[in-house]
>>> print(open('coords_27.csv').read())   # CSV, C-alpha atoms
chain,number,residue,atom,x,y,z
A,1,MET,CA,0.0,0.0,0.0
A,2,LYS,CA,2.8,2.4,0.8
A,3,PRO,CA,4.2,3.0,-2.7
A,4,VAL,CA,0.6,3.7,-4.0
A,5,ARG,CA,0.1,6.3,-1.3
A,6,MET,CA,3.5,7.8,-2.1
A,7,ILE,CA,2.5,8.1,-5.8
A,8,ILE,CA,-0.8,9.7,-4.8
A,9,TYR,CA,1.1,12.2,-2.6
A,10,ALA,CA,3.7,12.9,-5.3
A,11,LEU,CA,1.0,13.4,-8.0
A,12,GLY,CA,-1.1,15.7,-5.6
A,13,GLY,CA,2.0,17.7,-4.8
A,14,LEU,CA,3.0,18.0,-8.4
A,15,LEU,CA,-0.6,19.1,-9.3
A,16,ILE,CA,-0.6,21.8,-6.5
A,17,PHE,CA,2.9,22.9,-7.5
A,18,SER,CA,2.0,23.2,-11.1
A,19,VAL,CA,-1.2,25.2,-10.4
A,20,VAL,CA,0.7,27.5,-8.0
A,21,PHE,CA,3.5,28.0,-10.5
A,22,PHE,CA,1.0,28.7,-13.3
A,23,LEU,CA,-0.7,31.4,-11.1
A,24,PHE,CA,2.6,32.8,-10.0
A,25,SER,CA,3.7,33.3,-13.6
A,26,PHE,CA,0.6,35.5,-14.2
A,27,ALA,CA,1.0,37.3,-10.9
A,28,TYR,CA,4.7,38.0,-11.5
A,29,THR,CA,4.2,39.5,-14.9
A,30,SER,CA,1.2,41.6,-13.7
A,31,LEU,CA,3.1,42.8,-10.7
A,32,GLU,CA,6.1,43.8,-12.8
A,33,THR,CA,3.7,45.7,-15.2
A,34,ILE,CA,2.0,47.5,-12.3
A,35,SER,CA,5.3,48.4,-10.7
A,36,ALA,CA,6.6,49.8,-14.0
A,37,GLN,CA,3.4,51.8,-14.5
A,38,ASN,CA,3.6,53.2,-10.9
A,39,ILE,CA,7.2,54.3,-11.5
A,40,GLN,CA,6.1,55.9,-14.8
A,41,SER,CA,3.3,57.9,-13.2
A,42,ARG,CA,5.6,58.9,-10.4
A,43,LEU,CA,8.1,60.1,-13.0
A,44,THR,CA,5.4,62.1,-14.7
A,45,ALA,CA,4.5,63.8,-11.5
A,46,VAL,CA,8.1,64.5,-10.6
A,47,GLN,CA,8.8,65.8,-14.1
A,48,LYS,CA,5.9,68.2,-13.8
A,49,ASN,CA,7.1,69.5,-10.5
A,50,ALA,CA,10.7,69.8,-11.8
A,51,ASP,CA,9.5,71.7,-14.9
A,52,LYS,CA,7.5,74.1,-12.6
A,53,LYS,CA,10.5,74.6,-10.4
A,54,LYS,CA,12.8,75.1,-13.4
A,55,LYS,CA,10.5,77.7,-14.8
A,56,GLU,CA,10.4,79.5,-11.5
A,57,TYR,CA,14.2,79.3,-11.3
A,58,GLU,CA,14.6,80.6,-14.8
A,59,GLU,CA,12.2,83.5,-14.0
A,60,TRP,CA,14.3,84.3,-11.0
A,61,MET,CA,17.5,84.1,-12.9
A,62,ASN,CA,16.0,86.7,-15.3
A,63,PHE,CA,14.5,88.8,-12.6
A,64,GLU,CA,17.4,91.3,-12.5
A,65,LYS,CA,17.2,91.8,-16.2
A,66,ASN,CA,13.3,92.0,-16.2
A,67,TYR,CA,13.4,94.4,-13.2
A,68,LYS,CA,15.7,96.7,-15.0
A,69,LYS,CA,13.4,96.5,-18.1
A,70,PHE,CA,10.5,97.3,-15.8
A,71,LYS,CA,12.3,100.4,-14.4
A,72,ASP,CA,13.4,101.5,-17.9
A,73,ASN,CA,9.9,101.1,-19.4
A,74,TYR,CA,7.6,102.1,-16.6
A,75,LEU,CA,9.4,104.5,-14.2
A,76,MET,CA,10.3,108.0,-15.3
A,77,LYS,CA,13.8,109.3,-15.3
A,78,SER,CA,14.5,111.8,-12.5
A,79,GLU,CA,15.4,114.3,-15.2
A,80,GLN,CA,11.9,114.1,-16.4
A,81,PHE,CA,10.4,115.5,-13.2
A,82,ASP,CA,10.1,119.1,-14.3
A,83,HIS,CA,8.6,117.9,-17.6
A,84,PHE,CA,6.1,115.8,-15.6
A,85,LYS,CA,5.0,118.8,-13.5
A,86,GLN,CA,4.5,120.9,-16.6
A,87,GLU,CA,2.6,118.2,-18.4
A,88,LEU,CA,0.3,117.6,-15.4
A,89,GLN,CA,-0.6,121.2,-15.2
A,90,THR,CA,-1.1,121.3,-19.0
A,91,ILE,CA,-3.5,118.3,-18.9
A,92,LEU,CA,-5.5,119.9,-16.0
A,93,ARG,CA,-5.8,123.2,-17.9
A,94,LYS,CA,-6.6,121.4,-21.2
A,95,ASN,CA,-9.5,119.8,-19.5
A,96,GLY,CA,-10.8,123.1,-18.2
A,97,LEU,CA,-10.1,122.3,-14.5
A,98,GLU,CA,-9.2,124.9,-12.0
A,99,PHE,CA,-6.6,123.8,-9.5
A,100,ALA,CA,-4.8,125.1,-6.4
A,101,PRO,CA,-1.0,124.9,-6.4
A,102,LEU,CA,0.2,121.3,-6.5
A,103,LYS,CA,2.1,120.0,-3.5
A,104,TYR,CA,4.9,117.5,-3.9
A,105,SER,CA,6.6,115.3,-1.4
A,106,ILE,CA,9.5,113.0,-2.0
A,107,GLU,CA,10.3,109.6,-0.5
A,108,THR,CA,13.2,107.4,-1.4
A,109,ILE,CA,12.0,103.8,-1.9
A,110,PHE,CA,15.3,102.3,-3.1
A,111,PRO,CA,18.7,104.0,-3.5
A,112,ASP,CA,17.8,104.4,-7.2
A,113,VAL,CA,14.0,104.8,-7.0
A,114,VAL,CA,12.1,107.7,-5.6
A,115,LYS,CA,8.4,108.2,-5.1
A,116,ILE,CA,6.9,111.6,-5.5
A,117,SER,CA,3.4,112.2,-4.1
A,118,VAL,CA,1.4,114.9,-5.6
A,119,ARG,CA,-1.5,116.4,-3.7
A,120,PHE,CA,-3.9,118.8,-5.2
A,121,GLU,CA,-7.5,120.0,-5.2
A,122,LEU,CA,-9.4,120.9,-8.3
A,123,ASN,CA,-12.7,122.1,-9.5
A,124,GLY,CA,-14.6,121.5,-12.7
A,125,ALA,CA,-17.2,119.6,-14.6
A,126,TYR,CA,-17.6,115.9,-13.8
A,127,GLU,CA,-17.0,114.9,-17.4
A,128,ASN,CA,-13.8,116.9,-17.5
A,129,ILE,CA,-12.5,115.4,-14.3
A,130,LYS,CA,-13.3,112.0,-15.6
A,131,ARG,CA,-11.4,112.8,-18.8
A,132,PHE,CA,-8.4,114.0,-16.8
A,133,ILE,CA,-8.4,110.8,-14.7
A,134,HIS,CA,-8.7,108.7,-17.9
A,135,GLU,CA,-5.8,110.5,-19.6
A,136,MET,CA,-3.5,110.0,-16.5
A,137,GLU,CA,-4.5,106.4,-16.1
A,138,ASN,CA,-3.6,105.6,-19.7
A,139,LYS,CA,-0.1,106.8,-19.3
A,140,LYS,CA,2.4,104.0,-19.7
A,141,GLU,CA,4.5,105.2,-16.8
A,142,MET,CA,3.7,104.4,-13.2
A,143,ILE,CA,1.5,107.4,-12.4
A,144,LEU,CA,-0.9,106.2,-9.9
A,145,PHE,CA,-4.0,107.7,-8.2
A,146,LYS,CA,-3.6,106.9,-4.6
A,147,LYS,CA,-6.7,108.7,-3.2
A,148,ILE,CA,-9.5,110.4,-5.0
A,149,GLY,CA,-12.5,112.3,-3.5
A,150,LEU,CA,-15.1,113.8,-5.7
A,151,THR,CA,-17.8,116.0,-4.1
A,152,LYS,CA,-20.6,117.7,-5.9
A,153,LYS,CA,-20.8,121.3,-5.1
A,154,LYS,CA,-24.1,122.4,-3.4
A,155,THR,CA,-24.4,125.2,-5.9
A,156,GLY,CA,-23.8,124.8,-9.6
A,157,GLN,CA,-22.9,121.8,-11.7
A,158,THR,CA,-19.3,121.5,-10.8
A,159,VAL,CA,-17.5,119.0,-8.8
A,160,GLU,CA,-14.7,119.5,-6.3
A,161,GLY,CA,-11.9,117.0,-6.4
A,162,GLU,CA,-9.2,116.0,-3.9
A,163,PHE,CA,-6.4,114.0,-5.4
A,164,VAL,CA,-3.3,112.2,-4.2
A,165,MET,CA,-1.1,110.8,-7.0
A,166,GLU,CA,2.1,108.9,-6.8
A,167,VAL,CA,4.7,109.0,-9.5
A,168,TYR,CA,7.8,106.8,-9.5
A,169,PHE,CA,11.2,108.0,-10.8
A,170,VAL,CA,14.4,106.2,-11.3
A,171,ARG,CA,17.7,108.1,-10.7
B,1,MET,CA,-20.0,-8.2,22.8
B,2,TRP,CA,-20.8,-7.4,19.2
B,3,LYS,CA,-19.0,-9.0,16.4
B,4,ILE,CA,-17.9,-7.0,13.4
B,5,ARG,CA,-19.0,-8.7,10.3
B,6,TYR,CA,-17.7,-6.2,7.8
B,7,ASN,CA,-14.6,-7.3,6.0
B,8,ILE,CA,-12.3,-4.3,5.7
B,9,ALA,CA,-9.8,-6.1,3.6
B,10,LYS,CA,-12.0,-6.5,0.6
B,11,ASN,CA,-12.2,-2.6,0.2
B,12,LYS,CA,-8.5,-2.3,0.2
B,13,LYS,CA,-8.2,-3.9,-3.2
B,14,ILE,CA,-6.9,-1.4,-5.7
B,15,ASP,CA,-8.2,-1.1,-9.3
B,16,TYR,CA,-4.8,-0.5,-10.9
B,17,VAL,CA,-6.1,0.4,-14.3
B,18,LYS,CA,-8.3,3.1,-12.8
B,19,PHE,CA,-5.5,4.3,-10.6
B,20,ALA,CA,-3.0,4.4,-13.6
B,21,LEU,CA,-5.6,6.4,-15.6
B,22,LEU,CA,-6.2,8.9,-12.9
B,23,SER,CA,-2.5,9.2,-12.2
B,24,SER,CA,-1.8,9.9,-15.8
B,25,ILE,CA,-4.5,12.5,-16.1
B,26,ALA,CA,-3.1,14.2,-12.9
B,27,ALA,CA,0.4,14.1,-14.3
B,28,VAL,CA,-0.7,15.5,-17.7
B,29,VAL,CA,-2.7,18.3,-16.1
B,30,SER,CA,0.3,19.2,-13.9
B,31,LEU,CA,2.6,19.1,-16.9
B,32,LEU,CA,0.1,21.3,-18.8
B,33,PHE,CA,0.0,23.8,-16.0
B,34,VAL,CA,3.8,23.9,-15.7
B,35,MET,CA,4.1,24.3,-19.5
B,36,LEU,CA,1.6,27.1,-19.5
B,37,GLY,CA,3.4,28.9,-16.6
B,38,VAL,CA,6.7,28.5,-18.3
B,39,GLY,CA,5.2,29.7,-21.6
B,40,ASN,CA,3.7,32.7,-19.9
B,41,LEU,CA,7.0,33.6,-18.3
B,42,TRP,CA,8.8,33.0,-21.5
B,43,SER,CA,6.5,35.1,-23.7
B,44,SER,CA,6.4,38.0,-21.3
B,45,ASP,CA,10.1,37.8,-20.3
B,46,LYS,CA,11.2,40.3,-23.0
B,47,ARG,CA,8.4,42.7,-22.1
B,48,VAL,CA,9.1,42.4,-18.4
B,49,ARG,CA,12.8,42.9,-18.9
B,50,GLU,CA,12.1,46.0,-21.0
B,51,GLN,CA,9.7,47.3,-18.4
B,52,LYS,CA,12.3,46.7,-15.7
B,53,GLU,CA,14.9,48.5,-17.7
B,54,THR,CA,12.6,51.4,-18.3
B,55,ALA,CA,11.6,51.4,-14.7
B,56,ASP,CA,15.2,51.5,-13.6
B,57,ARG,CA,15.9,54.3,-16.0
B,58,ASN,CA,12.9,56.2,-14.7
B,59,GLU,CA,14.0,55.7,-11.1
B,60,GLU,CA,17.4,57.2,-12.1
B,61,ARG,CA,15.6,60.1,-13.8
B,62,ILE,CA,13.4,60.7,-10.8
B,63,LYS,CA,16.5,60.8,-8.6
B,64,LYS,CA,18.2,63.3,-10.9
B,65,LEU,CA,15.0,65.4,-11.2
B,66,THR,CA,14.6,65.5,-7.4
B,67,GLU,CA,18.2,66.6,-7.1
B,68,ASP,CA,17.5,69.4,-9.7
B,69,VAL,CA,14.4,70.5,-7.9
B,70,LYS,CA,16.3,70.7,-4.6
B,71,THR,CA,19.1,72.8,-6.3
B,72,HIS,CA,16.6,75.0,-8.0
B,73,GLN,CA,14.6,75.6,-4.8
B,74,GLU,CA,17.8,76.5,-3.0
B,75,GLN,CA,18.7,79.0,-5.7
B,76,VAL,CA,15.2,80.4,-5.9
B,77,ARG,CA,15.3,80.9,-2.1
B,78,ASN,CA,18.6,82.8,-2.4
B,79,GLU,CA,17.3,85.0,-5.2
B,80,ASP,CA,14.0,85.6,-3.4
B,81,SER,CA,15.7,86.9,-0.3
B,82,LYS,CA,18.0,89.0,-2.5
B,83,TRP,CA,15.2,90.5,-4.6
B,84,LYS,CA,12.2,90.2,-2.4
B,85,LYS,CA,11.7,94.0,-1.8
B,86,GLU,CA,12.1,94.8,-5.5
B,87,LYS,CA,9.7,92.0,-6.5
B,88,ASN,CA,7.0,93.2,-4.0
B,89,PHE,CA,7.5,96.8,-5.1
B,90,ALA,CA,7.1,96.0,-8.8
B,91,ASN,CA,4.1,93.7,-8.2
B,92,SER,CA,2.4,96.3,-6.0
B,93,LEU,CA,2.8,99.0,-8.7
B,94,ILE,CA,1.5,96.7,-11.4
B,95,ALA,CA,-1.5,95.8,-9.3
B,96,GLN,CA,-2.4,99.4,-8.7
B,97,LYS,CA,-1.8,100.3,-12.3
B,98,VAL,CA,-4.4,97.8,-13.5
B,99,PHE,CA,-7.1,99.3,-11.3
B,100,HIS,CA,-8.9,101.9,-13.3
B,101,ILE,CA,-11.0,104.5,-11.6
B,102,THR,CA,-12.7,105.5,-14.8
B,103,ARG,CA,-14.0,101.9,-15.1
B,104,GLU,CA,-15.5,102.2,-11.6
B,105,LEU,CA,-17.1,105.6,-12.6
B,106,ASP,CA,-18.6,104.0,-15.7
B,107,THR,CA,-20.1,101.2,-13.6
B,108,LEU,CA,-21.6,103.6,-11.1
B,109,GLU,CA,-23.1,105.7,-13.9
B,110,GLU,CA,-24.7,102.7,-15.4
B,111,LEU,CA,-26.2,101.5,-12.2
B,112,LEU,CA,-27.6,104.8,-11.0
B,113,PRO,CA,-31.3,105.0,-11.5
B,114,GLU,CA,-33.1,108.2,-12.6
B,115,GLY,CA,-33.9,110.6,-9.8
B,116,VAL,CA,-30.8,109.6,-7.8
B,117,PHE,CA,-27.5,111.4,-7.9
B,118,ILE,CA,-24.1,111.0,-6.3
B,119,THR,CA,-23.0,113.8,-4.0
B,120,HIS,CA,-19.6,112.3,-3.1
B,121,MET,CA,-17.4,109.4,-4.1
B,122,GLY,CA,-14.0,108.4,-2.9
B,123,TRP,CA,-11.3,105.8,-3.4
B,124,ASP,CA,-8.4,104.9,-1.3
B,125,VAL,CA,-6.3,102.9,-3.8
B,126,GLU,CA,-4.5,101.1,-1.0
B,127,ASN,CA,-7.9,99.6,-0.4
B,128,GLN,CA,-8.5,99.7,-4.1
B,129,SER,CA,-11.7,97.8,-4.6
B,130,LYS,CA,-13.7,99.8,-2.0
B,131,THR,CA,-15.6,102.8,-3.1
B,132,GLN,CA,-17.2,105.2,-0.8
B,133,VAL,CA,-20.3,106.7,-2.3
B,134,ASN,CA,-22.8,109.3,-0.9
B,135,ILE,CA,-26.1,109.3,-2.7
B,136,ALA,CA,-29.2,111.5,-2.6
B,137,ALA,CA,-32.6,110.2,-3.9
B,138,GLN,CA,-35.7,112.1,-4.7
B,139,SER,CA,-38.0,109.4,-3.2
B,140,LEU,CA,-37.8,106.3,-1.0
B,141,SER,CA,-38.6,104.0,-4.0
B,142,ARG,CA,-35.7,105.5,-5.9
B,143,LEU,CA,-33.4,104.9,-2.9
B,144,ILE,CA,-34.5,101.3,-2.6
B,145,GLU,CA,-34.1,100.8,-6.3
B,146,THR,CA,-30.5,102.1,-6.0
B,147,TYR,CA,-29.8,99.7,-3.2
B,148,LYS,CA,-31.1,96.9,-5.4
B,149,THR,CA,-29.1,97.7,-8.4
B,150,PHE,CA,-25.9,98.3,-6.4
B,151,SER,CA,-26.4,95.0,-4.6
B,152,GLU,CA,-26.2,93.1,-7.9
B,153,LYS,CA,-22.6,94.3,-8.4
B,154,TYR,CA,-21.3,95.2,-4.9
B,155,ASN,CA,-21.3,94.0,-1.4
B,156,MET,CA,-22.8,97.1,0.1
B,157,ILE,CA,-22.6,98.6,3.6
B,158,ARG,CA,-25.1,101.4,4.4
B,159,LYS,CA,-23.6,103.8,6.9
B,160,ASP,CA,-25.9,106.8,7.4
B,161,GLU,CA,-29.4,107.3,6.0
B,162,THR,CA,-30.9,110.8,6.6
B,163,GLU,CA,-33.4,113.1,5.1
B,164,GLU,CA,-32.2,116.6,4.3
B,165,GLU,CA,-33.9,119.3,2.2
B,166,GLY,CA,-36.5,116.8,0.9
B,167,LEU,CA,-33.8,114.4,-0.3
B,168,LEU,CA,-33.1,110.9,1.1
B,169,LYS,CA,-29.4,110.6,1.6
B,170,ALA,CA,-27.3,107.6,2.3
B,171,ASN,CA,-23.6,106.9,2.7
B,172,LEU,CA,-22.5,103.6,1.2
B,173,ILE,CA,-19.3,101.6,1.0
B,174,LEU,CA,-19.2,99.4,-2.1
B,175,ASN,CA,-17.1,96.4,-2.5
B,176,PRO,CA,-17.2,94.6,-5.8
B,177,ILE,CA,-18.6,91.0,-5.7
B,178,ARG,CA,-15.8,88.8,-6.9
B,179,LYS,CA,-17.0,86.2,-9.3
B,180,LYS,CA,-15.7,82.7,-8.6
>>> encode(input="coords_27.csv", output="structure tokens")
Amino acid sequence: MKPVRMIIYALGGLLIFSVVFFLFSFAYTSLETISAQNIQSRLTAVQKNADKKKKEYEEWMNFEKNYKKFKDNYLMKSEQFDHFKQELQTILRKNGLEFAPLKYSIETIFPDVVKISVRFELNGAYENIKRFIHEMENKKEMILFKKIGLTKKKTGQTVEGEFVMEVYFVR
Amino acid sequence: MWKIRYNIAKNKKIDYVKFALLSSIAAVVSLLFVMLGVGNLWSSDKRVREQKETADRNEERIKKLTEDVKTHQEQVRNEDSKWKKEKNFANSLIAQKVFHITRELDTLEELLPEGVFITHMGWDVENQSKTQVNIAAQSLSRLIETYKTFSEKYNMIRKDETEEEGLLKANLILNPIRKK
């Protein structure tokens, strides 16, 4: 009886082994594929992050150049200050606005950049004030309205305006 | 005592033909499974090897990119601390430059119903989106209509509401509703 039992055990073992081996072959190839796909998707995410950081880095590397360009294009030269004062008064007059003397104050922002605040009050028709604001807003240079107060006069059709503007100059 | 009459020995007789047949089937099936397994490993071996090579290359690339990111981050941090003030300065000017008061005036003109007029308006550009507006309406219905139209575009805070010289006056703070 013993050899028969041994044959049964051997065949049973062989059958189990073959089934396990067959299943393992599928599991192995599937696991390898999944692992490779995971690495690929991790690479895509890392690549995306690296591209973003590289772009940020390149932007920073160009910052000095771009900042210089910004100053050259959008800040007035300090020599232009007198011209700016005249131009501002010309625009006010051109729009039929009466104004009190303009008050200027200077603040150094960086060793090469100064901010000049201009305070003034004016009086005129609403449409003319709006046109003046529009004209100043459309200037390419950094001429900014910091505060504006427009009050309708109790008598007549005119409006009183209080303005604070900031203009940036580069030395 | 009971006597067992069942003869166990007769059941121990093996049908060798049947046994040989079943054993052969089991052996063939096992062999078949082994062959299928080997065949599967064999056929996917090249693909798996390629995938492994690609995965190894990708792992290397990930390592290199992570190093690059670290280096770039370090350099960006250095540049940021060097140029931070200038960057904030330029960005703040650009943000103020794109705010147009004439556009705000146009919006208020559009929204204002007939019989209502503005007596004062003011902007503090530091607080750029907020507009302070004082209005005067000829009737309560006009005033309510103004509130309604302004509320469609602005978050509105009503500060003082009075009646003077037959006009209903209100001081408002308007903050544009940001669309998501």
>>> atom_distance(input="coords_27.csv", atom1="atom CA of A:Leu150", atom2="atom CA of A:Glu107")
26.3 Å
>>> interface_residues(input="coords_27.csv", of="chain B", to="chain A", cutoff="8 Å", atoms="all atoms listed in the file", output="number ranges by chain")
B: 23, 26-27, 29-31, 33-34, 36-38, 40-41, 44, 48, 51-52, 54-55, 58-59, 61-62, 65-66, 68-69, 72-73, 75-76, 79-80, 86, 90, 93, 96-97, 100-102, 118-126
>>> residues_near_point(input="coords_27.csv", point="(-26.7, 99.0, 5.8)", cutoff="10 Å", atoms="all atoms listed in the file", output="ChimeraX atom specification")
/B:147,156-161,170-173
>>> closest_residue(input="coords_27.csv", among="B:Arg178, B:Lys46, B:Lys153, B:Lys87", to="B:Thr107", atoms="all atoms listed in the file")
B:Lys153
>>> residues_around(input="coords_27.csv", residues="stretch 112-114 of chain B", least_positions_apart="6", cutoff="9 Å", atoms="all atoms listed in the file", output="number ranges by chain")
B: 137, 142-143, 145-146, 149-150
>>> atom_distance(input="coords_27.csv", atom1="atom CA of B:Val116", atom2="atom CA of B:Val133")
12.2 Å
>>> closest_residue(input="coords_27.csv", among="B:Val17, B:Trp83, B:Arg47, B:Ser139", to="A:Lys65", atoms="all atoms listed in the file")
B:Trp83
>>> atom_distance(input="coords_27.csv", atom1="atom CA of A:Ile116", atom2="atom CA of A:Lys69")
20.7 Å
>>> closest_residue(input="coords_27.csv", among="A:Glu127, A:Asp72, A:Glu121, A:Glu166", to="A:Glu98", atoms="all atoms listed in the file")
A:Glu121
